[in-house]
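Novice: Sharing a structure, written as structure tokens. Questions coming.
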Amino acid sequence: MTPQPNPGLGAAVAAADRAHVFHSWSAQELITPLAVAGAEGSYFWDYEGNRYLDFTSGLVFTNIGYQHPKVVAAIQEQAASLATFAPAFAIEARSEAARLIAERTPGDLDKIFFTNGGAEAVENATRMARLHTGRPKVLSAYRSYHGATAAAINLTGDPRRWPSDSGAAGVVHFWAPFLYRSPFHAENEAQECERALQHLEDTIAFEGPATIAAIILETVPGTAGIMPPPPGYLAGVRELCDRYGIVFVLDEVMAGFGRTGKWFAVDHYDGVVPDLMTFAKGVNSGYVPLGGVAISGAIAETFARRPYPGGLTYSGHPLACAAAVATINVMEDEGVVENAARVGEEIVGPGLRELAERHPSVGEVRGLGMFWALELVRDRETREPLVPYNASGEANAPMAAFAAAAKANGLWPFVNMNRTHVVPPCTITDAEAKAGLAALDSALDAADAHTA
């Protein structure tokens, strides 16, 4: 699709947005949202005719790209036959979506509770864990993001939690492994894994194992920095949960459905099966809001004859489920998961490591599949971040300059704190990936200007 400039309409869209839309996570008068005219595949464009290669996948959800014709057609067909229906009934789209998801989840996670998004999935997963165990506490990592609902934001570790932290939500935070900025003074991955597991076991001991319902982790933390855990860590957490009767919850909202080059990120870690697993985003590429919890047999049995006290008016909405069915089938038929793995291994990973050799602002490259991060620093030796933790305004100027340079090069970057994340659609072509890397190469000059 060729963008057709229409500045007048763009100005009207922007004016209506400014007058009436209240945007999330923003000081309303300090933002100027781009008016988007359209999108297709890995690109979107504005009303001026400027076209951008999307290295954000929206908010890391358009795993199959924008406007896939088979998913659009499925939504249209479902709307024509049964546009909506209450969640207490069995309908074809909902049943088929649940079946296809359960076929791909690990172990016996065969029951699917549908939600409208990832935060609600986390909300319900922790509720299930507390009811299943009869215990009040949930442990989560400091470097994490789990959503913006009441329980999910308290579980979140990043600064977005602070204004809403109740301090009494039954949440305890701990340090998960991150070798580049190790809180354990580790020198290698084996040490980081061992010391992180010991820290977690100590936390469990001092909190009281009999008070802990669940441990929740993003399988590969997303917004917090895309940090694949070291070998053995998730297996170690699984063992601790088994030893103390704690429910193990993996949050795959961002990392699931092909993002890491596997159907789920946990598939990279042989033998690890959580008790509950949350998902959203990539399950239907965000075409219609959908999330959910995949539930193990043991936890499902808790509610076999005891009502589960939770639900949503739009749980398993027909349009969303039809989109999920079509998306999963597209991913299977078109080898989308395999494409994410191959492009990540052959093009994006090597390309980012080459950029690191040329740009002193790149402190570390990490990731897998279509899930990568560049840690930007002022000094490689000291690892001082390019901008301070949770920087804003003038303190964030170096990252703002980098982002502006990327956009000027036709690349829309995912920027968070001192990092840029490389998270394009899993359908990205080799040529598109190389073009994005070339634009990133140029934009990093702006970051280099702030190095020591």
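In the structure tokens, chains take the letters A, B, ... in the order shown, each chain's residues start at 1, and ligands count up from 1 in the order shown.
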I want to know what sits within 10 Å of Phe85 in chain A, based on only C-alpha atoms, with residues of the same chain fewer than 2 positions away left out; could you give that as a PyMOL selection string?
Specialist: chain A and resi 82-83+87-91+313-319
Novice: DSSP says alpha helix (DSSP H) for which residues of range 141-341 of chain A? Put them as a VMD selection string?
Specialist: chain A and resid 150 to 155 189 to 207 233 to 244 297 to 302 318 to 333 336 to 341
Novice: Looking at A:Pro307, A:Pro106, A:Pro5, A:Gly117, which one is nearest to Val283 in chain A, with distances taken over only C-alpha atoms?
Specialist: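 Of A:Pro307, A:Pro106, A:Pro5, A:Gly117, the one nearest Val283 in chain A is A:Gly117, counting only C-alpha atoms.
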Novice: Give me the residues of range 140-186 of chain A that have any atom at most 12 Å from an atom of range 121-126 of chain A; for each, the nearest atom pair and the distance in Å, rounded to one decimal. Use only C-alpha atoms, sort by chain and number, and format it as a Markdown table.
Specialist:
| residue | atom | partner | partner_atom | distance |
| --- | --- | --- | --- | --- |
| A:Ser140 | CA | A:Thr126 | CA | 11.0 |
| A:Tyr145 | CA | A:Val122 | CA | 10.5 |
| A:His146 | CA | A:Val122 | CA | 6.8 |
| A:Gly147 | CA | A:Val122 | CA | 7.5 |
| A:Ala148 | CA | A:Glu123 | CA | 9.6 |
| A:Thr149 | CA | A:Glu123 | CA | 7.2 |
| A:Ala150 | CA | A:Glu123 | CA | 7.8 |
| A:Ala151 | CA | A:Glu123 | CA | 5.7 |
| A:Ala152 | CA | A:Glu123 | CA | 5.8 |
| A:Ile153 | CA | A:Glu123 | CA | 9.4 |
| A:Asn154 | CA | A:Glu123 | CA | 10.3 |
| A:Leu155 | CA | A:Val122 | CA | 9.1 |
| A:Thr156 | CA | A:Val122 | CA | 10.5 |
| A:Ala169 | CA | A:Thr126 | CA | 11.5 |
| A:Gly170 | CA | A:Thr126 | CA | 10.7 |
| A:Val171 | CA | A:Thr126 | CA | 10.5 |
Novice: Would you please extract all strand (DSSP E or B) residues from range 18-113 of chain A, as assigned by DSSP on the backbone, and give them as a ChimeraX atom specification?
Specialist: /A:36-41,43-46,51-54,66,111-113
Novice: Which polymer residues have any atom within 7 Å of an atom of Cys321 in chain A, counting only C-alpha atoms, with same-chain residues fewer than 5 positions away left out, as a VMD selection string?
Specialist: chain A and resid 93 to 94 97 316
Novice: Just want the 8 Å neighbourhood of Val272 in chain A, counted on only C-alpha atoms, with same-chain residues fewer than 6 positions away dropped. Output as a ChimeraX atom specification.
Specialist: /A:234-235,238,266
Novice: Quote the spacing between CA of Pro177 in chain A and CA of Gly157 in chain A in Å to one decimal place.
Specialist: 13.8 Å
